$ cat input.cif   # mmCIF, C-alpha atoms and all ligand atoms
data_coords
#
loop_
_atom_site.label_atom_id
_atom_site.label_comp_id
_atom_site.auth_asym_id
_atom_site.auth_seq_id
_atom_site.Cartn_x
_atom_site.Cartn_y
_atom_site.Cartn_z
CA MET A 374 -30.47 28.37 -16.09
CA ASP A 375 -31.91 31.76 -15.17
CA GLN A 376 -34.63 30.29 -12.96
CA LYS A 377 -32.31 27.87 -11.10
CA ARG A 378 -31.09 28.43 -7.56
CA VAL A 379 -28.32 26.86 -5.52
CA LEU A 380 -28.06 27.04 -1.74
CA LEU A 381 -24.30 27.09 -1.18
CA ILE A 382 -23.02 26.07 2.27
CA VAL A 383 -19.43 27.22 2.74
CA GLY A 384 -17.68 25.26 5.50
CA GLY A 385 -14.48 26.08 7.36
CA GLY A 386 -11.51 24.93 5.32
CA ILE A 387 -8.65 26.57 3.48
CA ALA A 388 -10.44 25.60 0.24
CA ALA A 389 -13.25 28.04 1.08
CA TYR A 390 -11.59 30.62 -1.19
CA LYS A 391 -12.39 28.36 -4.16
CA SER A 392 -16.08 28.69 -3.33
CA LEU A 393 -15.85 32.38 -4.19
CA GLU A 394 -14.76 31.39 -7.72
CA LEU A 395 -17.53 28.76 -7.82
CA THR A 396 -20.05 31.45 -6.89
CA ARG A 397 -18.74 33.65 -9.71
CA LEU A 398 -19.02 30.81 -12.26
CA LEU A 399 -22.59 30.04 -11.19
CA ARG A 400 -23.68 33.67 -11.35
CA LYS A 401 -22.07 34.05 -14.78
CA ALA A 402 -24.16 31.08 -15.96
CA GLY A 403 -27.29 32.78 -14.62
CA VAL A 404 -27.73 30.47 -11.61
CA GLY A 405 -28.92 32.12 -8.40
CA VAL A 406 -26.67 31.54 -5.37
CA ARG A 407 -27.89 31.89 -1.78
CA PRO A 408 -24.93 31.40 0.58
CA ILE A 409 -24.80 30.00 4.09
CA LEU A 410 -21.44 30.68 5.74
CA THR A 411 -20.62 28.57 8.79
CA GLN A 412 -18.87 30.08 11.79
CA ALA A 413 -15.70 28.18 10.81
CA GLY A 414 -16.12 29.19 7.15
CA SER A 415 -16.09 32.86 8.19
CA GLU A 416 -12.54 32.33 9.49
CA PHE A 417 -11.44 31.74 5.87
CA VAL A 418 -13.64 33.96 3.68
CA THR A 419 -15.71 36.99 4.59
CA ALA A 420 -19.48 37.25 4.36
CA LEU A 421 -18.92 40.47 2.42
CA SER A 422 -16.96 38.76 -0.41
CA LEU A 423 -19.47 35.95 -0.62
CA SER A 424 -22.44 38.28 -0.60
CA ALA A 425 -20.92 40.57 -3.25
CA LEU A 426 -20.22 37.65 -5.63
CA ALA A 427 -23.54 35.90 -4.93
CA GLU A 428 -25.44 39.20 -5.17
CA ASP A 429 -27.50 37.94 -2.25
CA LYS A 430 -27.58 38.07 1.51
CA VAL A 431 -25.36 35.62 3.41
CA TYR A 432 -27.12 33.53 6.06
CA ALA A 433 -25.05 32.52 9.06
CA GLU A 434 -27.09 32.24 12.24
CA LEU A 435 -29.69 29.69 13.25
CA PHE A 436 -31.03 31.82 16.07
CA SER A 437 -31.11 35.18 14.30
CA LEU A 438 -34.39 37.04 14.66
CA THR A 439 -33.80 39.11 11.53
CA ASP A 440 -32.82 36.09 9.40
CA GLU A 441 -35.72 34.02 10.71
CA ALA A 442 -38.17 36.85 10.12
CA GLU A 443 -36.98 37.21 6.51
CA MET A 444 -36.72 33.51 5.72
CA GLY A 445 -37.08 30.69 8.23
CA HIS A 446 -34.44 27.98 8.12
CA ILE A 447 -36.94 25.40 6.83
CA GLU A 448 -37.91 27.68 3.98
CA LEU A 449 -34.23 28.44 3.31
CA SER A 450 -33.49 24.75 2.94
CA ARG A 451 -36.20 24.44 0.30
CA SER A 452 -35.75 27.74 -1.50
CA ALA A 453 -33.16 26.26 -3.88
CA ASP A 454 -33.16 23.54 -6.53
CA LEU A 455 -29.94 22.08 -5.19
CA VAL A 456 -27.94 22.29 -1.94
CA VAL A 457 -24.16 22.39 -2.45
CA VAL A 458 -21.65 22.01 0.40
CA ALA A 459 -18.23 23.34 -0.62
CA PRO A 460 -15.94 22.87 1.15
CA ALA A 461 -17.62 19.90 2.85
CA THR A 462 -15.41 19.57 5.92
CA ALA A 463 -15.07 16.36 7.94
CA ASP A 464 -17.21 18.07 10.58
CA LEU A 465 -20.04 18.97 8.19
CA MET A 466 -20.00 15.48 6.68
CA ALA A 467 -20.13 13.91 10.15
CA LYS A 468 -23.03 16.14 11.21
CA ALA A 469 -24.99 15.44 8.03
CA ALA A 470 -24.31 11.70 8.18
CA ASN A 471 -25.63 11.53 11.73
CA GLY A 472 -28.51 13.96 11.43
CA LEU A 473 -27.15 16.56 13.86
CA ALA A 474 -28.79 19.95 13.68
CA GLY A 475 -26.99 22.30 16.05
CA ASP A 476 -26.34 25.15 13.63
CA LEU A 477 -27.81 26.67 10.49
CA ALA A 478 -25.79 24.60 7.97
CA SER A 479 -26.52 21.24 9.58
CA THR A 480 -30.17 22.12 10.26
CA THR A 481 -30.59 23.08 6.63
CA LEU A 482 -29.06 19.79 5.48
CA LEU A 483 -31.44 17.87 7.75
CA ALA A 484 -34.50 19.88 6.73
CA THR A 485 -33.98 19.98 2.98
CA ASP A 486 -35.98 17.93 0.52
CA LYS A 487 -33.69 18.91 -2.37
CA PRO A 488 -30.73 17.00 -3.86
CA VAL A 489 -27.42 17.60 -2.08
CA LEU A 490 -23.94 17.76 -3.64
CA MET A 491 -20.84 17.76 -1.42
CA ALA A 492 -17.28 18.74 -2.40
CA PRO A 493 -15.14 17.35 0.44
CA ALA A 494 -11.96 19.12 1.51
CA MET A 495 -9.75 18.06 4.38
CA ASN A 496 -6.37 16.75 5.39
CA VAL A 497 -5.53 13.38 3.82
CA ARG A 498 -5.50 11.54 7.16
CA MET A 499 -8.85 13.01 8.11
CA TRP A 500 -10.23 11.90 4.73
CA GLN A 501 -8.82 8.40 5.07
CA HIS A 502 -9.93 8.00 8.70
CA ALA A 503 -12.42 5.18 9.16
CA ALA A 504 -14.94 7.61 10.69
CA THR A 505 -14.95 9.86 7.61
CA GLN A 506 -15.15 6.90 5.25
CA ARG A 507 -18.10 5.58 7.30
CA ASN A 508 -19.81 8.96 7.06
CA LEU A 509 -19.11 9.09 3.32
CA ALA A 510 -20.74 5.67 2.83
CA ALA A 511 -23.73 6.70 4.96
CA LEU A 512 -24.20 9.95 3.03
CA LYS A 513 -23.95 8.13 -0.31
CA ALA A 514 -26.54 5.64 0.93
CA ASP A 515 -28.77 8.62 1.81
CA GLY A 516 -28.51 9.80 -1.80
CA VAL A 517 -25.95 12.61 -1.37
CA SER A 518 -23.77 13.16 -4.49
CA PHE A 519 -20.05 13.88 -4.32
CA VAL A 520 -17.50 15.65 -6.47
CA GLY A 521 -13.83 15.08 -5.55
CA PRO A 522 -11.77 15.20 -3.50
CA ASP A 523 -8.67 15.44 -5.71
CA GLU A 524 -5.24 14.18 -4.81
CA GLY A 525 -2.38 16.62 -4.42
CA ALA A 526 -0.22 18.76 -2.18
CA MET A 527 -2.15 20.14 0.77
CA ALA A 528 -1.95 23.46 2.53
CA CYS A 529 -0.77 21.51 5.62
CA GLY A 530 2.27 20.20 3.72
CA GLU A 531 1.03 16.62 3.28
CA TYR A 532 0.17 14.88 0.02
CA GLY A 533 -2.79 12.71 -0.92
CA PRO A 534 -6.54 12.74 -1.52
CA GLY A 535 -8.40 15.50 0.29
CA ARG A 536 -8.03 18.62 -1.86
CA MET A 537 -11.35 20.11 -2.84
CA ALA A 538 -12.26 19.58 -6.51
CA GLU A 539 -11.56 22.60 -8.71
CA PRO A 540 -14.38 25.16 -9.02
CA ALA A 541 -14.85 24.25 -12.72
CA ALA A 542 -15.42 20.58 -11.83
CA ILE A 543 -17.89 21.46 -9.05
CA PHE A 544 -19.62 23.85 -11.44
CA GLN A 545 -20.00 21.09 -14.02
CA ALA A 546 -21.38 18.66 -11.46
CA ILE A 547 -23.90 21.33 -10.41
CA MET A 548 -24.94 22.00 -14.00
CA GLY A 549 -25.41 18.27 -14.54
CA MET A 550 -27.60 18.03 -11.43
CA LEU A 551 -29.61 21.14 -12.24
CA GLY A 552 -30.54 19.42 -15.46
CA GLY A 553 -30.20 22.18 -18.01
CA ALA A 554 -30.43 21.46 -21.72
CA ARG A 555 -29.15 17.95 -22.52
CA PRO A 556 -28.52 18.09 -26.26
CA LEU A 557 -26.13 15.11 -26.04
CA ALA A 558 -28.60 12.78 -24.29
CA GLY A 559 -28.44 9.35 -25.93
CA LYS A 560 -24.94 9.99 -27.36
CA ARG A 561 -21.87 8.03 -26.29
CA ALA A 562 -18.54 9.81 -25.90
CA LEU A 563 -15.01 8.54 -25.39
CA VAL A 564 -12.36 10.86 -23.95
CA THR A 565 -8.67 10.08 -23.40
CA ALA A 566 -6.77 12.14 -20.83
CA GLY A 567 -3.61 12.41 -18.79
CA PRO A 568 -0.15 11.04 -19.55
CA THR A 569 0.77 7.48 -20.43
CA VAL A 570 3.44 5.62 -18.48
CA GLU A 571 5.86 3.32 -20.28
CA ALA A 572 7.98 0.90 -18.30
CA ILE A 573 11.76 0.86 -18.77
CA ASP A 574 12.07 -1.95 -16.23
CA PRO A 575 9.87 -2.96 -13.25
CA VAL A 576 10.86 0.15 -11.26
CA ARG A 577 11.61 2.87 -13.85
CA LEU A 578 9.40 4.56 -16.34
CA LEU A 579 9.02 7.08 -19.16
CA THR A 580 6.19 9.58 -18.81
CA ASN A 581 5.34 13.27 -19.25
CA ARG A 582 3.95 16.27 -17.38
CA SER A 583 0.32 16.10 -18.53
CA SER A 584 -2.02 16.88 -15.59
CA GLY A 585 -5.17 15.57 -17.28
CA LYS A 586 -7.06 18.76 -16.35
CA GLN A 587 -8.22 19.61 -19.86
CA GLY A 588 -9.36 16.08 -20.71
CA TYR A 589 -11.22 15.67 -17.40
CA ALA A 590 -12.94 19.02 -17.93
CA ILE A 591 -14.06 17.92 -21.41
CA ALA A 592 -15.37 14.59 -20.09
CA GLY A 593 -17.33 16.50 -17.42
CA ALA A 594 -18.67 19.06 -19.91
CA LEU A 595 -19.90 16.33 -22.28
CA ALA A 596 -21.58 14.51 -19.37
CA ALA A 597 -23.20 17.76 -18.23
CA LEU A 598 -24.83 17.99 -21.68
CA GLY A 599 -26.24 14.50 -21.26
CA ALA A 600 -23.65 12.30 -23.04
CA GLU A 601 -22.74 8.89 -21.66
CA VAL A 602 -19.00 9.39 -21.19
CA THR A 603 -16.14 6.90 -20.82
CA LEU A 604 -12.92 8.60 -19.71
CA VAL A 605 -9.82 6.51 -20.44
CA SER A 606 -7.17 8.04 -18.24
CA GLY A 607 -3.48 7.67 -17.54
CA PRO A 608 -2.37 8.31 -13.93
CA THR A 609 -3.49 11.76 -12.69
CA ALA A 610 -4.26 13.34 -9.34
CA LEU A 611 -7.84 14.15 -10.39
CA SER A 612 -11.13 12.55 -9.42
CA ALA A 613 -13.55 11.48 -12.14
CA PRO A 614 -16.04 14.23 -13.02
CA ALA A 615 -19.63 13.64 -11.92
CA GLY A 616 -21.48 11.13 -14.06
CA VAL A 617 -18.39 9.95 -15.96
CA ARG A 618 -17.20 6.33 -16.14
CA ARG A 619 -13.41 6.28 -15.72
CA VAL A 620 -11.15 3.49 -16.93
CA ASP A 621 -7.60 3.71 -15.54
CA VAL A 622 -4.69 2.70 -17.76
CA GLU A 623 -0.93 3.15 -17.78
CA SER A 624 0.67 2.45 -21.17
CA ALA A 625 -0.34 3.62 -24.64
CA ARG A 626 -1.13 0.06 -25.61
CA ASP A 627 -3.47 -0.32 -22.61
CA MET A 628 -5.06 2.99 -23.50
CA LEU A 629 -5.75 1.80 -27.05
CA SER A 630 -7.32 -1.47 -25.82
CA ALA A 631 -9.50 0.41 -23.32
CA CYS A 632 -10.62 2.81 -26.08
CA GLU A 633 -11.47 -0.05 -28.42
CA ALA A 634 -13.45 -1.71 -25.63
CA ALA A 635 -15.44 1.52 -25.15
CA LEU A 636 -16.64 1.56 -28.78
CA PRO A 637 -19.09 2.12 -30.38
CA ALA A 638 -19.19 5.82 -29.62
CA ASP A 639 -20.61 8.87 -31.39
CA ILE A 640 -17.82 11.16 -30.24
CA ALA A 641 -14.12 10.60 -29.48
CA VAL A 642 -11.96 13.35 -28.01
CA CYS A 643 -8.28 12.41 -27.67
CA VAL A 644 -6.72 14.75 -25.14
CA ALA A 645 -4.20 12.32 -23.62
CA ALA A 646 -0.51 13.09 -23.93
CA VAL A 647 0.34 9.65 -25.26
CA ALA A 648 4.03 8.73 -25.22
CA ASP A 649 5.01 8.39 -28.87
CA TRP A 650 7.68 5.84 -27.98
CA ARG A 651 8.21 3.12 -25.40
CA PRO A 652 11.32 1.19 -24.40
CA ALA A 653 11.64 -1.70 -26.84
CA ALA A 654 12.48 -4.30 -24.24
CA ALA A 655 11.05 -3.65 -20.79
CA GLY A 656 12.20 -6.83 -19.11
CA ASP A 657 10.95 -8.15 -15.80
CA ARG A 658 14.30 -7.53 -14.13
CA LYS A 659 15.62 -4.27 -12.75
CA ILE A 660 18.50 -2.92 -14.85
CA LYS A 661 21.60 -3.01 -12.59
CA LYS A 662 24.44 -0.49 -12.47
CA ASP A 663 27.19 -3.04 -12.96
CA GLY A 664 29.80 -0.30 -12.61
CA GLN A 665 29.21 1.33 -15.99
CA ALA A 666 26.59 3.57 -17.60
CA PRO A 667 24.02 1.62 -19.60
CA GLY A 668 23.94 2.30 -23.30
CA ALA A 669 21.05 4.19 -24.93
CA ILE A 670 17.57 2.82 -24.25
CA ALA A 671 16.21 1.42 -27.52
CA LEU A 672 12.71 2.74 -28.24
CA THR A 673 9.90 1.44 -30.36
CA GLU A 674 6.88 3.38 -31.63
CA ASN A 675 3.57 3.28 -29.74
CA PRO A 676 0.22 2.90 -31.49
CA ASP A 677 -1.41 6.20 -32.42
CA ILE A 678 -4.78 6.07 -30.65
CA LEU A 679 -6.28 9.08 -32.40
CA ALA A 680 -5.32 7.76 -35.84
CA SER A 681 -6.57 4.25 -34.99
CA LEU A 682 -9.95 5.59 -33.87
CA SER A 683 -10.17 7.85 -36.95
CA LYS A 684 -9.31 5.13 -39.39
CA GLY A 685 -10.89 2.15 -37.61
CA LYS A 686 -13.98 0.21 -38.66
CA ALA A 687 -16.08 1.50 -35.74
CA ARG A 688 -15.11 5.14 -36.37
CA PRO A 689 -17.06 7.52 -34.11
CA ARG A 690 -19.01 10.10 -36.10
CA LEU A 691 -16.94 12.98 -34.73
CA VAL A 692 -13.26 12.41 -33.89
CA ILE A 693 -11.33 15.26 -32.27
CA GLY A 694 -7.63 15.47 -31.49
CA PHE A 695 -5.52 17.92 -29.54
CA ALA A 696 -2.22 19.26 -30.75
CA ALA A 697 0.18 20.57 -28.16
CA GLU A 698 2.71 22.70 -30.00
CA THR A 699 5.43 25.09 -29.04
CA ASN A 700 5.79 26.80 -32.46
CA ASP A 701 3.90 27.26 -35.77
CA VAL A 702 0.83 26.00 -33.90
CA GLU A 703 -1.67 26.23 -36.76
CA VAL A 704 0.60 24.88 -39.48
CA HIS A 705 1.28 21.77 -37.38
CA ALA A 706 -2.39 21.45 -36.43
CA LYS A 707 -3.48 21.42 -40.06
CA ALA A 708 -0.85 18.84 -40.93
CA LYS A 709 -2.07 16.69 -38.00
CA LEU A 710 -5.68 16.91 -39.15
CA ALA A 711 -4.67 15.37 -42.47
CA LYS A 712 -2.20 12.85 -41.03
CA LYS A 713 -4.46 11.52 -38.27
CA GLY A 714 -7.67 11.52 -40.29
CA CYS A 715 -9.71 13.21 -37.55
CA ASP A 716 -12.43 15.84 -38.02
CA TRP A 717 -11.20 18.61 -35.74
CA ILE A 718 -7.95 19.49 -34.03
CA VAL A 719 -7.90 21.68 -30.96
CA ALA A 720 -4.49 23.31 -31.17
CA ASN A 721 -2.97 24.64 -28.00
CA ASP A 722 0.13 26.68 -27.60
CA VAL A 723 2.11 25.07 -24.78
CA SER A 724 4.98 27.51 -25.20
CA VAL A 725 2.94 29.89 -23.02
CA ALA A 726 4.28 29.44 -19.49
CA GLY A 727 1.77 27.76 -17.16
CA THR A 728 -0.32 26.00 -19.83
CA MET A 729 1.00 22.50 -19.01
CA GLY A 730 -0.51 21.71 -15.63
CA GLY A 731 -2.06 25.18 -15.32
CA ASP A 732 -5.72 26.17 -15.27
CA ASP A 733 -5.90 28.25 -18.46
CA ASN A 734 -5.55 27.39 -22.10
CA ALA A 735 -5.29 29.38 -25.34
CA VAL A 736 -6.62 27.23 -28.18
CA ALA A 737 -7.59 27.40 -31.83
CA LEU A 738 -10.20 25.05 -33.30
CA VAL A 739 -8.97 23.74 -36.65
CA THR A 740 -11.57 22.06 -38.85
CA LYS A 741 -11.55 21.20 -42.53
CA GLY A 742 -13.49 24.45 -43.02
CA GLY A 743 -10.91 26.73 -41.37
CA ILE A 744 -9.52 28.04 -38.12
CA GLU A 745 -11.29 29.65 -35.19
CA ARG A 746 -9.12 31.29 -32.56
CA TRP A 747 -10.54 31.34 -29.03
CA GLU A 748 -9.35 33.89 -26.49
CA ARG A 749 -7.30 32.60 -23.53
CA MET A 750 -9.71 31.13 -20.97
CA ALA A 751 -9.98 28.61 -18.14
CA LYS A 752 -9.68 24.95 -19.16
CA GLY A 753 -13.22 24.42 -17.82
CA GLU A 754 -14.48 27.15 -20.15
CA VAL A 755 -12.63 25.63 -23.15
CA ALA A 756 -14.33 22.33 -22.27
CA ARG A 757 -17.80 23.85 -22.06
CA ARG A 758 -17.39 25.67 -25.36
CA LEU A 759 -16.08 22.58 -27.09
CA ALA A 760 -18.96 20.46 -25.73
CA GLN A 761 -21.44 23.04 -27.04
CA ARG A 762 -19.77 22.96 -30.47
CA ILE A 763 -19.90 19.16 -30.48
CA ALA A 764 -23.62 19.26 -29.60
CA GLN A 765 -24.24 21.72 -32.45
CA GLU A 766 -22.33 19.54 -34.89
CA LEU A 767 -24.27 16.39 -33.97
CA LYS A 768 -27.66 18.07 -33.93
N1 LIG B 1 -2.15 10.84 -29.90
C1 LIG B 1 -2.62 9.56 -29.77
N2 LIG B 1 -1.74 8.53 -29.74
C2 LIG B 1 -0.41 8.74 -29.88
C3 LIG B 1 0.07 10.06 -30.01
C4 LIG B 1 -0.83 11.08 -30.02
O1 LIG B 1 -3.84 9.37 -29.63
N3 LIG B 1 0.41 7.71 -29.87
C5 LIG B 1 -3.13 11.96 -29.98
C6 LIG B 1 -3.13 12.89 -28.81
O2 LIG B 1 -4.06 12.49 -27.82
C7 LIG B 1 -3.58 14.19 -29.46
C8 LIG B 1 -3.02 14.10 -30.86
O3 LIG B 1 -2.79 12.72 -31.08
O4 LIG B 1 -4.97 14.25 -29.60
C9 LIG B 1 -1.79 14.87 -31.16
O5 LIG B 1 -0.79 14.55 -30.26
P1 LIG B 1 0.67 15.17 -30.42
O6 LIG B 1 1.53 14.58 -29.38
O7 LIG B 1 0.58 16.65 -30.49
O8 LIG B 1 1.02 14.64 -31.87
P2 LIG B 1 2.03 13.61 -32.38
O9 LIG B 1 1.33 12.76 -33.36
O10 LIG B 1 2.69 12.93 -31.26
O11 LIG B 1 3.03 14.54 -33.18
P3 LIG B 1 4.34 15.33 -32.67
O12 LIG B 1 4.76 14.72 -31.38
O13 LIG B 1 5.27 15.11 -33.78
O14 LIG B 1 3.93 16.76 -32.55
#
$ encode --input "input.cif" --output "structure tokens" --more "lines below"
Ligand code: CTP
Amino acid sequence: MDQKRVLLIVGGGIAAYKSLELTRLLRKAGVGVRPILTQAGSEFVTALSLSALAEDKVYAELFSLTDEAEMGHIELSRSADLVVVAPATADLMAKAANGLAGDLASTTLLATDKPVLMAPAMNVRMWQHAATQRNLAALKADGVSFVGPDEGAMACGEYGPGRMAEPAAIFQAIMGMLGGARPLAGKRALVTAGPTVEAIDPVRLLTNRSSGKQGYAIAGALAALGAEVTLVSGPTALSAPAGVRRVDVESARDMLSACEAALPADIAVCVAAVADWRPAAAGDRKIKKDGQAPGAIALTENPDILASLSKGKARPRLVIGFAAETNDVEVHAKAKLAKKGCDWIVANDVSVAGTMGGDDNAVALVTKGGIERWERMAKGEVARRLAQRIAQELK
């Protein structure tokens, strides 16, 4: 990636701080970053921070004699392999969709002949507004790629889609578009992620706290290495990583059917937090109070998706499970490897506060050959390392 360059346009949104982390990830991977900071963007992050992390000058003005003398705006728009807009505000999207060119960022977007990736970030109502959705459709029709937005709590106190995708997800989309090594080209991968939801009655359910972040990051990392990825996901607030086909499911049984439908595959990575049990009799009527507490809810065991894939007729060549443990992590992981019949277990210690739903993970890779402990790192980094290991294994 050492020869690759990204022109990063940072728009004016609270998510602009995430673009500093994105810049750091890109530089760490050897990708050159040339930033353009809009006037509104400079209200949220400083040119100094951006320049220090990018190790390059920050461009801001269209009518700047010094900037134009150094590099004209047309040249700037073509000096990179990819143009990334993060955060892509409603305003920047509207300008780009309509070909406006009143400032450096919009002029660059109009003048470029390079692929463009946008990571939208805005208030949920702005995102859902017909005008923004029209602009989104127009930009997609013009060939612009998108990553996110995610759903979640917003800085403005509202909830819904509009949060900018996490830096690791944008990074992966960029790596996919920059077209680095694609050792998994021609391979099919199946990834399960998120929680499952098991109905107690038509209005109540049993579920768990899985965010899906680790599974989504793995699906994205495999796609970035060229694999054709199907992500079978329980309900999460995340958007599908770039280039990944997502199949939405709720219950464990639906998840198993969707996985079976996605076979044959060369690789299966089961990251979903599948409910081990479901209510035995989820009727179609709401359970009523009737003045007394209901008795215990009878449970029945769910299918084990990892074990089914490992032991099934169409077994993928490499089957990988995750083991979330709170104690004796490696002992349990080894036992799971044998019990489930998979090839590797990625054991993670969820007793560490912040792992469930957080951005970091401390894992150990348990194979039949032994145990490899990885230092604590971002979930995106765990995903990239695992994808590399998978590529090595299937070489
Ligand atoms: N898994 C699965 N289907 C299930 C249960 C688990 O595919 N019904 C997968 C998970 O996706 C994960 C692995 O099995 O890859 C281990 O999940 P975990 O919940 O840690 O293991 P369990 O078998 O449920 O064992 P226990 O709850 O006793 O730790």
$ closest_residue --input "input.cif" --among "A:Leu579, A:Ala542, A:Ile660, A:Val692" --to "ligand LIG 1 (chain B)" --atoms "only C-alpha atoms and all ligand atoms"
A:Val692
$ residues_around --input "input.cif" --residues "stretch 388-401 of chain A" --least-positions-apart "4" --cutoff "9 Å" --atoms "all atoms listed in the file" --output "NGL selection string"
:A and (379 or 381 or 383-384 or 405-406 or 408 or 414 or 417-418 or 422-423 or 426-428 or 459-460 or 494-495 or 536-537 or 539-541 or 543-544 or 547-548)
$ atom_distance --input "input.cif" --atom1 "atom CA of A:Gly664" --atom2 "atom CA of A:Asp574"
18.2 Å
$ closest_atom_pairs --input "input.cif" --of "chain A" --to "ligand LIG 1 (chain B)" --cutoff "9 Å" --atoms "all atoms listed in the file" --output "tab-separated table"
residue	atom	partner	partner_atom	distance
A:Thr565	CA	B:LIG1	O2	6.8
A:Ala566	CA	B:LIG1	O2	7.5
A:Ala625	CA	B:LIG1	N3	6.7
A:Arg626	CA	B:LIG1	N3	8.9
A:Met628	CA	B:LIG1	O1	8.9
A:Leu629	CA	B:LIG1	O1	8.2
A:Val642	CA	B:LIG1	O4	7.2
A:Cys643	CA	B:LIG1	O2	4.2
A:Val644	CA	B:LIG1	O2	4.4
A:Ala645	CA	B:LIG1	O2	4.2
A:Ala646	CA	B:LIG1	O2	5.3
A:Val647	CA	B:LIG1	C2	4.8
A:Ala648	CA	B:LIG1	N3	6.0
A:Asp649	CA	B:LIG1	N3	4.8
A:Trp650	CA	B:LIG1	N3	7.7
A:Glu674	CA	B:LIG1	N3	8.0
A:Asn675	CA	B:LIG1	N3	5.4
A:Pro676	CA	B:LIG1	N3	5.1
A:Asp677	CA	B:LIG1	N3	3.5
A:Ile678	CA	B:LIG1	O1	3.6
A:Leu679	CA	B:LIG1	O1	3.7
A:Ala680	CA	B:LIG1	O1	6.6
A:Ser681	CA	B:LIG1	O1	7.9
A:Leu682	CA	B:LIG1	O1	8.3
A:Ile693	CA	B:LIG1	O4	7.0
A:Gly694	CA	B:LIG1	O4	3.5
A:Phe695	CA	B:LIG1	O4	3.7
A:Ala696	CA	B:LIG1	O7	3.8
A:Ala697	CA	B:LIG1	O7	4.6
A:Glu698	CA	B:LIG1	O7	6.4
A:His705	CA	B:LIG1	O14	7.4
A:Ala706	CA	B:LIG1	O7	8.2
A:Lys709	CA	B:LIG1	O9	7.0
A:Lys712	CA	B:LIG1	O9	8.4
A:Lys713	CA	B:LIG1	O3	7.5
A:Ile718	CA	B:LIG1	O4	7.5
A:Val719	CA	B:LIG1	O4	8.1
A:Ala720	CA	B:LIG1	O7	8.4
$ closest_residue --input "input.cif" --among "A:His502, A:Pro608, A:Leu380, A:Leu563" --to "A:Gly585" --atoms "only C-alpha atoms"
A:Pro608
$ atom_distance --input "input.cif" --atom1 "atom CA of A:Gln412" --atom2 "atom CA of A:Ser612"
28.6 Å
$ residues_around --input "input.cif" --residues "A:Ser452" --least-positions-apart "2" --cutoff "8 Å" --atoms "all atoms listed in the file" --output "list in words"
Arg378, Leu380, Glu448, Leu449, Ser450 and Asp454 of chain A
$ atom_distance --input "input.cif" --atom1 "atom CA of A:Ala751" --atom2 "atom CA of A:Ser724"
16.6 Å
$ closest_atom_pairs --input "input.cif" --of "stretch 417-456 of chain A" --to "stretch 486-490 of chain A" --cutoff "7 Å" --atoms "only C-alpha atoms" --output "JSON lines"
{"residue": "A:Arg451", "atom": "CA", "partner": "A:Asp486", "partner_atom": "CA", "distance": 6.5}
{"residue": "A:Asp454", "atom": "CA", "partner": "A:Lys487", "partner_atom": "CA", "distance": 6.2}
{"residue": "A:Leu455", "atom": "CA", "partner": "A:Pro488", "partner_atom": "CA", "distance": 5.3}
{"residue": "A:Val456", "atom": "CA", "partner": "A:Val489", "partner_atom": "CA", "distance": 4.7}
$ residues_around --input "input.cif" --residues "A:Ser437" --least-positions-apart "6" --cutoff "12 Å" --atoms "all atoms listed in the file" --output "list in words"
Glu443, Met444, Gly445, His446, Asp476 and Leu477 of chain A
$ residues_around --input "input.cif" --residues "A:Arg618" --least-positions-apart "6" --cutoff "7 Å" --atoms "only C-alpha atoms" --output "ChimeraX atom specification"
/A:602-604
